[in-house]
>>> print(open('entry_16.txt').read())   # compact mmCIF, C-alpha atoms and all ligand atoms
# COMPACT_ATOMS: atom_id res chain seq x y z
CA MET M 71 0.00 0.00 0.00
CA ARG M 72 0.98 3.65 -0.31
CA ILE M 73 0.66 5.38 3.07
CA LEU M 74 0.90 9.07 3.93
CA VAL M 75 2.12 9.59 7.51
CA THR M 76 1.71 13.04 9.06
CA GLY M 77 4.20 13.59 11.88
CA GLY M 78 6.22 10.63 10.62
CA ALA M 79 9.52 12.16 11.77
CA GLY M 80 8.49 12.04 15.44
CA TYR M 81 9.12 9.45 18.13
CA ILE M 82 6.04 7.28 17.51
CA GLY M 83 5.65 8.19 13.83
CA GLY M 84 9.26 7.18 13.15
CA HIS M 85 8.59 3.70 14.54
CA VAL M 86 5.48 3.31 12.37
CA VAL M 87 7.32 4.48 9.24
CA LEU M 88 10.06 1.93 9.90
CA GLN M 89 7.59 -0.94 10.33
CA LEU M 90 5.71 0.08 7.18
CA GLN M 91 8.96 0.09 5.21
CA GLN M 92 9.93 -3.27 6.65
CA ARG M 93 6.74 -4.85 5.36
CA GLY M 94 7.15 -3.26 1.93
CA ASP M 95 4.69 -0.38 2.02
CA ASP M 96 5.47 2.81 0.14
CA VAL M 97 5.62 5.76 2.58
CA VAL M 98 5.51 9.53 2.26
CA VAL M 99 5.80 11.76 5.33
CA VAL M 100 4.45 15.26 6.02
CA ASP M 101 6.08 16.87 9.04
CA ASP M 102 6.89 20.44 10.07
CA LEU M 103 10.12 19.16 11.69
CA VAL M 104 9.58 21.33 14.78
CA THR M 105 9.76 18.43 17.23
CA GLY M 106 10.33 15.78 14.56
CA ASP M 107 13.71 14.94 13.04
CA SER M 108 14.06 13.63 9.48
CA ALA M 109 17.26 11.80 10.54
CA ARG M 110 14.94 9.21 12.15
CA ILE M 111 13.63 8.22 8.71
CA PRO M 112 16.58 8.66 6.32
CA ASP M 113 15.12 6.85 3.29
CA VAL M 114 11.67 8.44 3.25
CA PRO M 115 10.52 11.53 1.34
CA VAL M 116 9.51 14.27 3.79
CA LEU M 117 7.27 17.17 2.79
CA ARG M 118 7.89 19.96 5.29
CA ALA M 119 4.62 21.68 6.21
CA ASP M 120 2.51 22.88 9.13
CA LEU M 121 -0.88 21.18 8.67
CA SER M 122 -2.74 24.00 10.38
CA GLU M 123 -1.79 26.53 7.67
CA PRO M 124 -4.52 27.10 5.04
CA SER M 125 -1.93 26.30 2.33
CA ALA M 126 -1.73 22.77 3.76
CA VAL M 127 -5.02 21.78 2.07
CA PRO M 128 -3.85 22.02 -1.57
CA MET M 129 -0.40 20.71 -0.64
CA LEU M 130 -1.89 17.65 1.10
CA THR M 131 -4.40 17.10 -1.69
CA ASP M 132 -1.51 16.80 -4.16
CA ALA M 133 0.49 14.59 -1.79
CA LEU M 134 -2.51 12.26 -1.39
CA ALA M 135 -2.60 11.32 -5.10
CA GLY M 136 -2.32 7.53 -5.26
CA VAL M 137 -2.35 7.16 -1.47
CA ASP M 138 -4.41 4.25 -0.02
CA ALA M 139 -4.50 5.35 3.63
CA VAL M 140 -3.29 8.02 6.06
CA VAL M 141 -1.79 7.77 9.55
CA HIS M 142 -2.20 11.11 11.35
CA PHE M 143 0.28 11.86 14.15
CA ALA M 144 1.15 15.50 13.51
CA ALA M 145 0.08 17.41 16.63
CA ARG M 146 1.32 19.23 19.70
CA LYS M 147 1.36 17.00 22.79
CA ARG M 148 2.42 18.90 25.89
CA VAL M 149 -0.34 18.97 28.48
CA ASP M 150 1.27 21.85 30.43
CA GLU M 151 1.78 23.92 27.28
CA SER M 152 -1.84 23.30 26.24
CA VAL M 153 -3.00 24.87 29.52
CA LEU M 154 -0.85 27.95 28.86
CA ARG M 155 -1.69 28.28 25.14
CA PRO M 156 -5.11 26.67 24.62
CA ALA M 157 -6.09 28.64 21.52
CA TRP M 158 -2.84 27.62 19.81
CA TYR M 159 -3.46 23.97 20.71
CA TYR M 160 -6.91 24.10 19.11
CA GLN M 161 -5.47 25.81 16.03
CA GLN M 162 -2.69 23.26 15.70
CA ASN M 163 -4.41 20.01 16.58
CA VAL M 164 -8.02 20.65 15.59
CA GLY M 165 -7.14 22.95 12.67
CA GLY M 166 -4.56 20.47 11.38
CA MET M 167 -7.11 17.66 11.52
CA ALA M 168 -9.74 19.75 9.68
CA ASN M 169 -7.27 20.55 6.89
CA LEU M 170 -6.24 16.92 6.58
CA LEU M 171 -9.89 15.80 6.33
CA LEU M 172 -10.62 18.44 3.67
CA ALA M 173 -7.64 17.25 1.64
CA MET M 174 -8.63 13.59 2.04
CA GLU M 175 -12.11 14.44 0.79
CA ALA M 176 -10.70 16.32 -2.21
CA ALA M 177 -8.30 13.48 -3.03
CA ARG M 178 -10.96 10.79 -2.33
CA VAL M 179 -8.85 9.01 0.28
CA SER M 180 -11.14 7.30 2.79
CA ALA M 181 -8.97 5.33 5.25
CA LEU M 182 -7.37 6.94 8.31
CA VAL M 183 -5.64 5.93 11.54
CA PHE M 184 -5.70 8.76 14.11
CA SER M 185 -3.26 9.21 16.97
CA SER M 186 -5.59 9.73 19.94
CA SER M 187 -4.85 9.40 23.65
CA ALA M 188 -6.08 7.93 26.91
CA ALA M 189 -6.24 11.63 27.90
CA VAL M 190 -9.74 11.61 26.35
CA TYR M 191 -10.99 9.74 29.44
CA GLY M 192 -9.93 12.41 31.92
CA SER M 193 -9.98 11.42 35.58
CA THR M 194 -10.43 7.70 36.01
CA GLU M 195 -10.13 5.45 39.01
CA GLY M 196 -10.14 1.77 39.71
CA ASP M 197 -10.63 -0.94 37.14
CA SER M 198 -9.21 -1.07 33.65
CA ILE M 199 -10.84 1.32 31.22
CA PRO M 200 -12.88 0.07 28.23
CA GLU M 201 -13.55 2.30 25.22
CA SER M 202 -17.14 2.74 26.42
CA SER M 203 -15.97 4.66 29.52
CA PRO M 204 -17.16 8.28 29.68
CA THR M 205 -14.90 10.76 27.92
CA SER M 206 -14.16 13.88 29.93
CA PRO M 207 -10.67 15.22 29.25
CA ILE M 208 -9.15 17.50 31.88
CA SER M 209 -6.73 19.48 29.69
CA PRO M 210 -6.98 21.43 26.43
CA TYR M 211 -4.60 18.83 24.97
CA GLY M 212 -7.00 15.99 25.87
CA ARG M 213 -9.92 17.98 24.49
CA THR M 214 -8.15 18.49 21.14
CA LYS M 215 -7.85 14.69 20.88
CA LEU M 216 -11.50 14.11 21.79
CA ILE M 217 -12.61 16.80 19.31
CA GLY M 218 -10.46 15.06 16.68
CA GLU M 219 -12.36 11.83 17.31
CA GLN M 220 -15.70 13.66 17.19
CA MET M 221 -14.73 15.26 13.87
CA LEU M 222 -14.07 11.79 12.52
CA ASP M 223 -17.49 10.59 13.76
CA GLU M 224 -19.19 13.48 11.99
CA VAL M 225 -17.22 13.27 8.77
CA ALA M 226 -17.78 9.50 8.66
CA ALA M 227 -21.54 10.17 8.91
CA SER M 228 -21.39 12.44 5.86
CA ARG M 229 -19.04 10.61 3.50
CA PRO M 230 -17.40 7.18 3.20
CA LEU M 231 -14.63 7.56 5.81
CA ARG M 232 -13.22 4.53 7.64
CA ALA M 233 -11.17 5.54 10.66
CA ALA M 234 -9.54 4.00 13.72
CA SER M 235 -8.77 6.29 16.68
CA LEU M 236 -5.99 4.73 18.73
CA ARG M 237 -6.10 5.85 22.36
CA TYR M 238 -2.53 5.48 23.56
CA PHE M 239 -1.75 4.76 27.19
CA ASN M 240 1.81 5.43 28.51
CA VAL M 241 4.25 4.99 25.64
CA ALA M 242 7.95 4.33 26.31
CA GLY M 243 10.96 2.41 25.04
CA ALA M 244 12.62 2.29 21.62
CA GLY M 245 12.33 -0.13 18.71
CA SER M 246 15.95 0.61 17.86
CA PRO M 247 18.33 2.86 19.82
CA ARG M 248 18.35 5.71 17.28
CA LEU M 249 14.52 5.95 17.36
CA GLY M 250 14.21 6.69 21.08
CA ASP M 251 12.21 9.50 22.66
CA THR M 252 14.32 12.66 22.85
CA ALA M 253 11.65 14.76 24.60
CA VAL M 254 11.70 14.94 28.38
CA LEU M 255 7.96 14.93 29.01
CA ASN M 256 7.27 11.55 30.65
CA LEU M 257 8.40 9.43 33.56
CA VAL M 258 11.16 7.37 31.91
CA PRO M 259 12.98 10.28 30.20
CA MET M 260 12.44 12.43 33.31
CA VAL M 261 14.19 9.81 35.46
CA PHE M 262 17.04 9.64 32.94
CA GLU M 263 17.39 13.41 33.02
CA LYS M 264 17.78 13.32 36.80
CA LEU M 265 20.41 10.59 36.53
CA ASP M 266 22.36 12.63 33.96
CA ALA M 267 22.32 15.58 36.37
CA GLY M 268 23.57 13.38 39.21
CA GLU M 269 20.28 13.84 41.08
CA GLU M 270 17.83 11.36 42.52
CA PRO M 271 14.62 10.53 40.59
CA VAL M 272 11.48 12.20 41.90
CA ILE M 273 8.21 10.44 42.75
CA PHE M 274 5.24 12.80 42.53
CA GLY M 275 3.22 11.55 45.49
CA ALA M 276 3.52 8.31 47.47
CA ASP M 277 0.19 8.52 49.30
CA TYR M 278 -2.15 7.36 46.53
CA PRO M 279 -4.63 4.52 47.19
CA THR M 280 -2.45 2.00 45.30
CA PRO M 281 -0.46 -1.03 46.55
CA ASP M 282 2.79 0.93 47.07
CA GLY M 283 1.26 4.41 47.29
CA THR M 284 2.59 5.60 43.91
CA CYS M 285 0.56 6.09 40.73
CA VAL M 286 -0.12 3.13 38.48
CA ARG M 287 0.01 3.42 34.68
CA ASP M 288 -0.18 1.07 31.69
CA TYR M 289 3.22 1.32 29.96
CA ILE M 290 3.26 0.19 26.34
CA HIS M 291 6.41 -0.42 24.27
CA VAL M 292 6.54 1.96 21.32
CA ALA M 293 7.24 -0.94 18.92
CA ASP M 294 4.01 -2.61 20.10
CA LEU M 295 2.19 0.69 19.68
CA ALA M 296 3.60 0.92 16.15
CA SER M 297 2.39 -2.58 15.27
CA ALA M 298 -1.10 -1.58 16.47
CA HIS M 299 -1.08 1.14 13.78
CA LEU M 300 -0.28 -1.41 11.08
CA ALA M 301 -3.10 -3.66 12.27
CA ALA M 302 -5.48 -0.69 12.34
CA LEU M 303 -4.34 0.42 8.86
CA ASP M 304 -5.14 -3.01 7.48
CA ALA M 305 -8.58 -2.88 9.10
CA VAL M 306 -9.49 0.56 7.71
CA ALA M 307 -7.98 -0.17 4.29
CA SER M 308 -9.82 -3.49 3.89
CA GLY M 309 -13.16 -2.11 5.05
CA ALA M 310 -13.26 -4.28 8.19
CA ILE M 311 -13.96 -1.02 10.05
CA SER M 312 -16.72 1.36 9.05
CA GLY M 313 -17.19 4.83 10.51
CA ASN M 314 -14.76 5.86 13.26
CA ARG M 315 -13.85 3.17 15.80
CA PRO M 316 -11.85 3.95 18.97
CA PHE M 317 -9.35 1.39 20.30
CA ASN M 318 -7.40 1.39 23.56
CA ILE M 319 -3.74 0.63 22.95
CA GLY M 320 -2.21 -0.62 26.17
CA THR M 321 -1.19 -3.87 27.80
CA GLY M 322 -3.94 -4.19 30.41
CA ARG M 323 -1.26 -4.40 33.11
CA GLY M 324 -0.43 -1.61 35.52
CA SER M 325 2.99 -0.66 36.92
CA SER M 326 3.64 1.81 39.70
CA VAL M 327 6.14 4.66 39.62
CA ARG M 328 8.25 2.77 42.18
CA GLU M 329 8.23 -0.34 39.99
CA MET M 330 9.34 1.72 37.01
CA ILE M 331 12.19 3.27 38.94
CA SER M 332 13.29 -0.20 40.15
CA ALA M 333 13.21 -1.46 36.56
CA ILE M 334 15.36 1.51 35.49
CA ALA M 335 17.81 0.74 38.30
CA ALA M 336 18.04 -2.88 37.07
CA ALA M 337 18.52 -1.85 33.41
CA SER M 338 21.13 0.80 34.17
CA GLY M 339 22.96 -0.98 36.98
CA LEU M 340 22.69 2.23 38.98
CA ASP M 341 21.64 2.37 42.61
CA LEU M 342 18.60 4.66 42.51
CA VAL M 343 17.08 6.08 45.67
CA PRO M 344 14.06 8.16 44.67
CA ARG M 345 12.93 11.28 46.48
CA VAL M 346 9.23 11.57 47.27
CA ALA M 347 7.78 14.98 46.36
CA GLU M 348 4.27 16.45 46.47
CA ARG M 349 1.54 15.05 44.27
CA ARG M 350 1.41 16.64 40.82
CA PRO M 351 -1.96 18.35 40.16
CA GLY M 352 -4.26 16.40 37.86
CA ASP M 353 -2.63 12.95 38.22
CA ALA M 354 -5.10 10.05 38.58
CA ALA M 355 -4.08 7.20 40.90
CA ILE M 356 -4.58 4.38 38.40
CA VAL M 357 -4.90 4.48 34.59
CA VAL M 358 -4.88 1.03 32.98
CA ALA M 359 -6.36 0.04 29.62
CA ASP M 360 -8.82 -2.70 28.87
CA PRO M 361 -7.25 -3.60 25.50
CA SER M 362 -9.64 -6.45 24.65
CA ARG M 363 -11.30 -4.66 21.71
CA ALA M 364 -7.96 -4.24 19.90
CA ARG M 365 -7.27 -7.93 20.48
CA SER M 366 -10.62 -9.15 19.20
CA GLU M 367 -11.17 -6.69 16.33
CA LEU M 368 -7.61 -5.93 15.16
CA GLY M 369 -5.91 -9.17 16.18
CA TRP M 370 -3.33 -7.04 18.00
CA GLU M 371 -1.77 -7.37 21.43
CA ALA M 372 1.36 -6.10 23.15
CA ARG M 373 4.33 -8.49 23.12
CA HIS M 374 6.97 -6.58 25.09
CA ASP M 375 7.16 -6.48 28.88
CA LEU M 376 8.30 -3.77 31.25
CA ARG M 377 11.90 -4.95 31.15
CA ASP M 378 11.98 -4.67 27.32
CA ILE M 379 10.55 -1.16 27.60
CA VAL M 380 13.05 0.09 30.15
CA GLU M 381 16.12 -1.68 28.73
CA SER M 382 15.43 -0.37 25.21
CA ALA M 383 14.81 3.14 26.54
CA TRP M 384 18.08 3.04 28.47
CA ALA M 385 20.09 1.78 25.45
CA SER M 386 18.59 4.53 23.33
CA HIS M 387 19.29 7.18 25.93
CA GLN M 388 22.93 6.11 26.10
CA LEU M 389 23.26 6.42 22.32
CA LEU M 390 21.35 9.67 21.86
CA SER M 391 22.69 11.50 24.89
CA GLY M 392 26.21 10.47 23.93
CA SER M 393 27.06 9.60 27.51
CA PRO M 394 27.22 5.82 27.98
CA ARG M 395 27.21 4.85 31.63
CA GLY M 396 25.96 2.14 33.90
N1 LIG H 1 6.04 10.79 37.56
C1 LIG H 1 6.86 10.82 38.67
N2 LIG H 1 8.09 11.41 38.56
C2 LIG H 1 8.53 11.95 37.39
C3 LIG H 1 7.68 11.92 36.26
C4 LIG H 1 6.43 11.33 36.38
O1 LIG H 1 6.49 10.35 39.76
O2 LIG H 1 9.66 12.46 37.36
C5 LIG H 1 4.72 10.09 37.66
C6 LIG H 1 3.51 10.95 37.34
O3 LIG H 1 3.09 11.64 38.50
C7 LIG H 1 2.52 9.88 36.88
C8 LIG H 1 3.41 8.82 36.23
O4 LIG H 1 4.73 9.06 36.69
O5 LIG H 1 1.89 9.29 37.99
C9 LIG H 1 3.42 8.88 34.72
O6 LIG H 1 3.62 10.23 34.34
P1 LIG H 1 3.79 10.67 32.83
O7 LIG H 1 3.95 12.17 32.83
O8 LIG H 1 4.86 9.87 32.19
O9 LIG H 1 2.42 10.24 32.13
P2 LIG H 1 0.89 10.57 32.47
O10 LIG H 1 0.30 9.29 32.94
O11 LIG H 1 0.84 11.66 33.49
O12 LIG H 1 0.33 11.00 31.16
>>> encode(input="entry_16.txt", output="structure tokens")
Amino acid sequence: MRILVTGGAGYIGGHVVLQLQQRGDDVVVVDDLVTGDSARIPDVPVLRADLSEPSAVPMLTDALAGVDAVVHFAARKRVDESVLRPAWYYQQNVGGMANLLLAMEAARVSALVFSSSAAVYGSTEGDSIPESSPTSPISPYGRTKLIGEQMLDEVAASRPLRAASLRYFNVAGAGSPRLGDTAVLNLVPMVFEKLDAGEEPVIFGADYPTPDGTCVRDYIHVADLASAHLAALDAVASGAISGNRPFNIGTGRGSSVREMISAIAAASGLDLVPRVAERRPGDAAIVVADPSRARSELGWEARHDLRDIVESAWASHQLLSGSPRG
């Protein structure tokens, strides 16, 4: 198939592009290269563009000639920044999605996989979360993802669009060392940053109602997340999905912050003694996916465990930070 990947030079997009190439698909990437890096995907044509610009519609329409399906990653993804600059987040994420959908309509491309987020659920507690759980995002970032899904619902009601919205849980790890996450926005890279500075990792709150008092999340290896996109692409391209269908992409298993820090200590060989700090505003105690829909409808499930995630993240960090240690 010929696949257009927006945001294909990013951390997750780069993994998907690589897996598409490995199975013989023909790939073209559109990326503004603000947080993405074309060095991740050296053999792929990259069209440099900001999807939220009005000029993106004719550019994308041309780029979509002969394309069978689209994977849409291009978006801003910092929750804290979205609180400070909400209007810009709506322009970027919602505006970019609107332009992409207009171009797909003009080019008569009807199959799409959308990069959504577990942030659409908002505050959740307790058991694992099925897709039928109420959606109530707590940040502008989460709302841009939910609005993206709602746009797909509405467009699919008006024309023949087949879409899968993949709600990612906590993504980490690297499929190969050079593809690792270079942003410092999440737990694993934040622990690495502290280690590089010679400081102890920080736990944001150890008094949650969880077995060890620290927050529990569903960590998914980025290579497993990437393979979920390929499974979803096949489902939208073949017509197995009609309309817009949301899928949780997680493992169904929870790990606490303390367990993650212990796994990082084991992978790095470093003796890590975390410091407990105040709770971070807005953190839910437990966020774990019920991934059974993806298993039954896409034939997908995660294969990598926590050790694979943390060891691959550490190997990548050593390569990309240029400071092997441990
Ligand atoms: N966390 C932490 N110390 C850090 C970074 C994150 O204790 O240095 C915790 C955070 O409070 C949350 C979990 O790790 O409970 C995962 O945070 P992350 O920002 O990676 O993802 P989130 O689930 O918030 O989207």
>>> closest_residue(input="entry_16.txt", among="M:Pro210, M:Gly243, M:Pro351, M:Gly268", to="Ile379 in chain M", atoms="all atoms listed in the file")
M:Gly243
>>> closest_residue(input="entry_16.txt", among="M:Glu263, M:Asp353, M:Asp96, M:Asp277", to="ligand LIG 1 (chain H)", atoms="only C-alpha atoms and all ligand atoms")
M:Asp353
>>> residues_near_ligand(input="entry_16.txt", ligand="ligand LIG 1 (chain H)", cutoff="9 Å", atoms="all atoms listed in the file", output="PDB file with C-alpha atoms, keeping the file's coordinate frame")
ATOM      1  CA  VAL M 149      -0.340  18.970  28.480  1.00  0.00           C
ATOM      2  CA  ALA M 188      -6.080   7.930  26.910  1.00  0.00           C
ATOM      3  CA  ALA M 189      -6.240  11.630  27.900  1.00  0.00           C
ATOM      4  CA  PHE M 239      -1.750   4.760  27.190  1.00  0.00           C
ATOM      5  CA  ASN M 240       1.810   5.430  28.510  1.00  0.00           C
ATOM      6  CA  VAL M 241       4.250   4.990  25.640  1.00  0.00           C
ATOM      7  CA  ALA M 242       7.950   4.330  26.310  1.00  0.00           C
ATOM      8  CA  LEU M 255       7.960  14.930  29.010  1.00  0.00           C
ATOM      9  CA  ASN M 256       7.270  11.550  30.650  1.00  0.00           C
ATOM     10  CA  LEU M 257       8.400   9.430  33.560  1.00  0.00           C
ATOM     11  CA  VAL M 258      11.160   7.370  31.910  1.00  0.00           C
ATOM     12  CA  PRO M 259      12.980  10.280  30.200  1.00  0.00           C
ATOM     13  CA  MET M 260      12.440  12.430  33.310  1.00  0.00           C
ATOM     14  CA  VAL M 261      14.190   9.810  35.460  1.00  0.00           C
ATOM     15  CA  GLU M 263      17.390  13.410  33.020  1.00  0.00           C
ATOM     16  CA  LYS M 264      17.780  13.320  36.800  1.00  0.00           C
ATOM     17  CA  PRO M 271      14.620  10.530  40.590  1.00  0.00           C
ATOM     18  CA  VAL M 272      11.480  12.200  41.900  1.00  0.00           C
ATOM     19  CA  ILE M 273       8.210  10.440  42.750  1.00  0.00           C
ATOM     20  CA  PHE M 274       5.240  12.800  42.530  1.00  0.00           C
ATOM     21  CA  GLY M 275       3.220  11.550  45.490  1.00  0.00           C
ATOM     22  CA  ALA M 276       3.520   8.310  47.470  1.00  0.00           C
ATOM     23  CA  THR M 284       2.590   5.600  43.910  1.00  0.00           C
ATOM     24  CA  CYS M 285       0.560   6.090  40.730  1.00  0.00           C
ATOM     25  CA  VAL M 286      -0.120   3.130  38.480  1.00  0.00           C
ATOM     26  CA  ARG M 287       0.010   3.420  34.680  1.00  0.00           C
ATOM     27  CA  ASP M 288      -0.180   1.070  31.690  1.00  0.00           C
ATOM     28  CA  TYR M 289       3.220   1.320  29.960  1.00  0.00           C
ATOM     29  CA  SER M 326       3.640   1.810  39.700  1.00  0.00           C
ATOM     30  CA  VAL M 327       6.140   4.660  39.620  1.00  0.00           C
ATOM     31  CA  ARG M 328       8.250   2.770  42.180  1.00  0.00           C
ATOM     32  CA  MET M 330       9.340   1.720  37.010  1.00  0.00           C
ATOM     33  CA  VAL M 346       9.230  11.570  47.270  1.00  0.00           C
ATOM     34  CA  ALA M 347       7.780  14.980  46.360  1.00  0.00           C
ATOM     35  CA  ARG M 349       1.540  15.050  44.270  1.00  0.00           C
ATOM     36  CA  ARG M 350       1.410  16.640  40.820  1.00  0.00           C
ATOM     37  CA  PRO M 351      -1.960  18.350  40.160  1.00  0.00           C
ATOM     38  CA  GLY M 352      -4.260  16.400  37.860  1.00  0.00           C
ATOM     39  CA  ASP M 353      -2.630  12.950  38.220  1.00  0.00           C
ATOM     40  CA  ALA M 354      -5.100  10.050  38.580  1.00  0.00           C
ATOM     41  CA  ALA M 355      -4.080   7.200  40.900  1.00  0.00           C
ATOM     42  CA  ILE M 356      -4.580   4.380  38.400  1.00  0.00           C
ATOM     43  CA  VAL M 357      -4.900   4.480  34.590  1.00  0.00           C
TER      44      VAL M 357
END
>>> residues_around(input="entry_16.txt", residues="Val140 in chain M", least_positions_apart="2", cutoff="9 Å", atoms="only C-alpha atoms", output="list in words")
Arg72, Ile73, Leu74, Val75, Thr76, Leu134, Val137, Asp138, His142, Met174, Val179, Ser180, Ala181, Leu182, Val183, Phe184 and Leu303 of chain M
>>> residues_around(input="entry_16.txt", residues="Leu172 in chain M", least_positions_apart="4", cutoff="9 Å", atoms="only C-alpha atoms", output="PyMOL selection string")
chain M and resi 127+131+167-168+176-177
>>> closest_residue(input="entry_16.txt", among="M:Asn163, M:Ala293, M:Asp197, M:Val254", to="Thr280 in chain M", atoms="only C-alpha atoms")
M:Asp197
>>> closest_residue(input="entry_16.txt", among="M:Pro156, M:Asp294, M:Glu381, M:Ser332", to="Gln89 in chain M", atoms="all atoms listed in the file")
M:Asp294
>>> atom_distance(input="entry_16.txt", atom1="CA of Met129 in chain M", atom2="CA of His299 in chain M")
24.3 Å
>>> closest_residue(input="entry_16.txt", among="M:Ala79, M:Ile217, M:Leu121, M:Ala157", to="Val190 in chain M", atoms="only C-alpha atoms")
M:Ile217
>>> axis_aligned_box(input="entry_16.txt", around="range 144-152 of chain M", padding_each_side="5 Å", output="lines of an AutoDock Vina configuration file")
center_x = 0.3
center_y = 19.7
center_z = 22.0
size_x = 14.3
size_y = 18.4
size_z = 26.9
>>> closest_residue(input="entry_16.txt", among="M:Ser186, M:Thr252, M:Ser193, M:Ser297", to="Phe317 in chain M", atoms="only C-alpha atoms")
M:Ser186
>>> atom_distance(input="entry_16.txt", atom1="CA of Phe262 in chain M", atom2="CA of Asp150 in chain M")
20.1 Å
>>> residues_around(input="entry_16.txt", residues="Ser228 in chain M", least_positions_apart="5", cutoff="10 Å", atoms="only C-alpha atoms", output="list of chain:residue names")
M:Leu222, M:Asp223, M:Gly313
>>> closest_atom_pairs(input="entry_16.txt", of="range 87-166 of chain M", to="range 245-248 of chain M", cutoff="10 Å", atoms="all atoms listed in the file", output="JSON lines")
{"residue": "M:Leu88", "atom": "CA", "partner": "M:Gly245", "partner_atom": "CA", "distance": 9.3}
{"residue": "M:Gln89", "atom": "CA", "partner": "M:Gly245", "partner_atom": "CA", "distance": 9.7}
{"residue": "M:Ala109", "atom": "CA", "partner": "M:Arg248", "partner_atom": "CA", "distance": 9.1}
{"residue": "M:Arg110", "atom": "CA", "partner": "M:Arg248", "partner_atom": "CA", "distance": 7.1}
>>> atom_distance(input="entry_16.txt", atom1="CA of Tyr278 in chain M", atom2="CA of Thr321 in chain M")
21.9 Å
>>> residues_around(input="entry_16.txt", residues="Pro200 in chain M", least_positions_apart="6", cutoff="12 Å", atoms="only C-alpha atoms", output="list in words")
Ala188, Tyr191, Thr194, Arg237, Pro316, Phe317, Asn318, Ile319, Gly320, Gly322, Val357, Val358, Ala359, Asp360, Pro361, Ser362, Arg363 and Ala364 of chain M
>>> build_atoms(input="entry_16.txt", residues="range 380-392 of chain M", atoms="N, CA, C and O atoms", output="PDB file, in the coordinates of the input")
ATOM      1  N   VAL M 380      12.059  -0.714  29.424  1.00  0.00           N
ATOM      2  CA  VAL M 380      13.050   0.090  30.150  1.00  0.00           C
ATOM      3  C   VAL M 380      14.457  -0.160  29.594  1.00  0.00           C
ATOM      4  O   VAL M 380      15.236   0.791  29.427  1.00  0.00           O
ATOM      5  N   GLU M 381      14.781  -1.405  29.274  1.00  0.00           N
ATOM      6  CA  GLU M 381      16.120  -1.680  28.730  1.00  0.00           C
ATOM      7  C   GLU M 381      16.311  -0.990  27.371  1.00  0.00           C
ATOM      8  O   GLU M 381      17.382  -0.441  27.093  1.00  0.00           O
ATOM      9  N   SER M 382      15.283  -1.017  26.530  1.00  0.00           N
ATOM     10  CA  SER M 382      15.430  -0.370  25.210  1.00  0.00           C
ATOM     11  C   SER M 382      15.499   1.143  25.362  1.00  0.00           C
ATOM     12  O   SER M 382      16.240   1.814  24.631  1.00  0.00           O
ATOM     13  N   ALA M 383      14.751   1.688  26.307  1.00  0.00           N
ATOM     14  CA  ALA M 383      14.810   3.140  26.540  1.00  0.00           C
ATOM     15  C   ALA M 383      16.198   3.540  27.038  1.00  0.00           C
ATOM     16  O   ALA M 383      16.755   4.564  26.618  1.00  0.00           O
ATOM     17  N   TRP M 384      16.759   2.733  27.908  1.00  0.00           N
ATOM     18  CA  TRP M 384      18.080   3.040  28.470  1.00  0.00           C
ATOM     19  C   TRP M 384      19.156   2.967  27.370  1.00  0.00           C
ATOM     20  O   TRP M 384      20.011   3.845  27.252  1.00  0.00           O
ATOM     21  N   ALA M 385      19.099   1.915  26.540  1.00  0.00           N
ATOM     22  CA  ALA M 385      20.090   1.780  25.450  1.00  0.00           C
ATOM     23  C   ALA M 385      19.995   2.970  24.503  1.00  0.00           C
ATOM     24  O   ALA M 385      21.015   3.516  24.054  1.00  0.00           O
ATOM     25  N   SER M 386      18.779   3.397  24.223  1.00  0.00           N
ATOM     26  CA  SER M 386      18.590   4.530  23.330  1.00  0.00           C
ATOM     27  C   SER M 386      19.117   5.815  23.968  1.00  0.00           C
ATOM     28  O   SER M 386      19.786   6.631  23.313  1.00  0.00           O
ATOM     29  N   HIS M 387      18.832   5.975  25.233  1.00  0.00           N
ATOM     30  CA  HIS M 387      19.290   7.180  25.930  1.00  0.00           C
ATOM     31  C   HIS M 387      20.817   7.252  25.922  1.00  0.00           C
ATOM     32  O   HIS M 387      21.396   8.322  25.707  1.00  0.00           O
ATOM     33  N   GLN M 388      21.464   6.115  26.117  1.00  0.00           N
ATOM     34  CA  GLN M 388      22.930   6.110  26.100  1.00  0.00           C
ATOM     35  C   GLN M 388      23.459   6.544  24.734  1.00  0.00           C
ATOM     36  O   GLN M 388      24.410   7.306  24.634  1.00  0.00           O
ATOM     37  N   LEU M 389      22.809   6.050  23.669  1.00  0.00           N
ATOM     38  CA  LEU M 389      23.260   6.420  22.320  1.00  0.00           C
ATOM     39  C   LEU M 389      22.994   7.895  22.038  1.00  0.00           C
ATOM     40  O   LEU M 389      23.877   8.632  21.601  1.00  0.00           O
ATOM     41  N   LEU M 390      21.750   8.327  22.299  1.00  0.00           N
ATOM     42  CA  LEU M 390      21.350   9.670  21.860  1.00  0.00           C
ATOM     43  C   LEU M 390      21.893  10.772  22.749  1.00  0.00           C
ATOM     44  O   LEU M 390      22.094  11.895  22.296  1.00  0.00           O
ATOM     45  N   SER M 391      22.137  10.466  24.020  1.00  0.00           N
ATOM     46  CA  SER M 391      22.690  11.500  24.890  1.00  0.00           C
ATOM     47  C   SER M 391      24.208  11.529  24.795  1.00  0.00           C
ATOM     48  O   SER M 391      24.850  12.430  25.323  1.00  0.00           O
ATOM     49  N   GLY M 392      24.762  10.505  24.137  1.00  0.00           N
ATOM     50  CA  GLY M 392      26.210  10.470  23.930  1.00  0.00           C
ATOM     51  C   GLY M 392      26.987  10.289  25.206  1.00  0.00           C
ATOM     52  O   GLY M 392      28.178  10.622  25.268  1.00  0.00           O
TER      53      GLY M 392
END
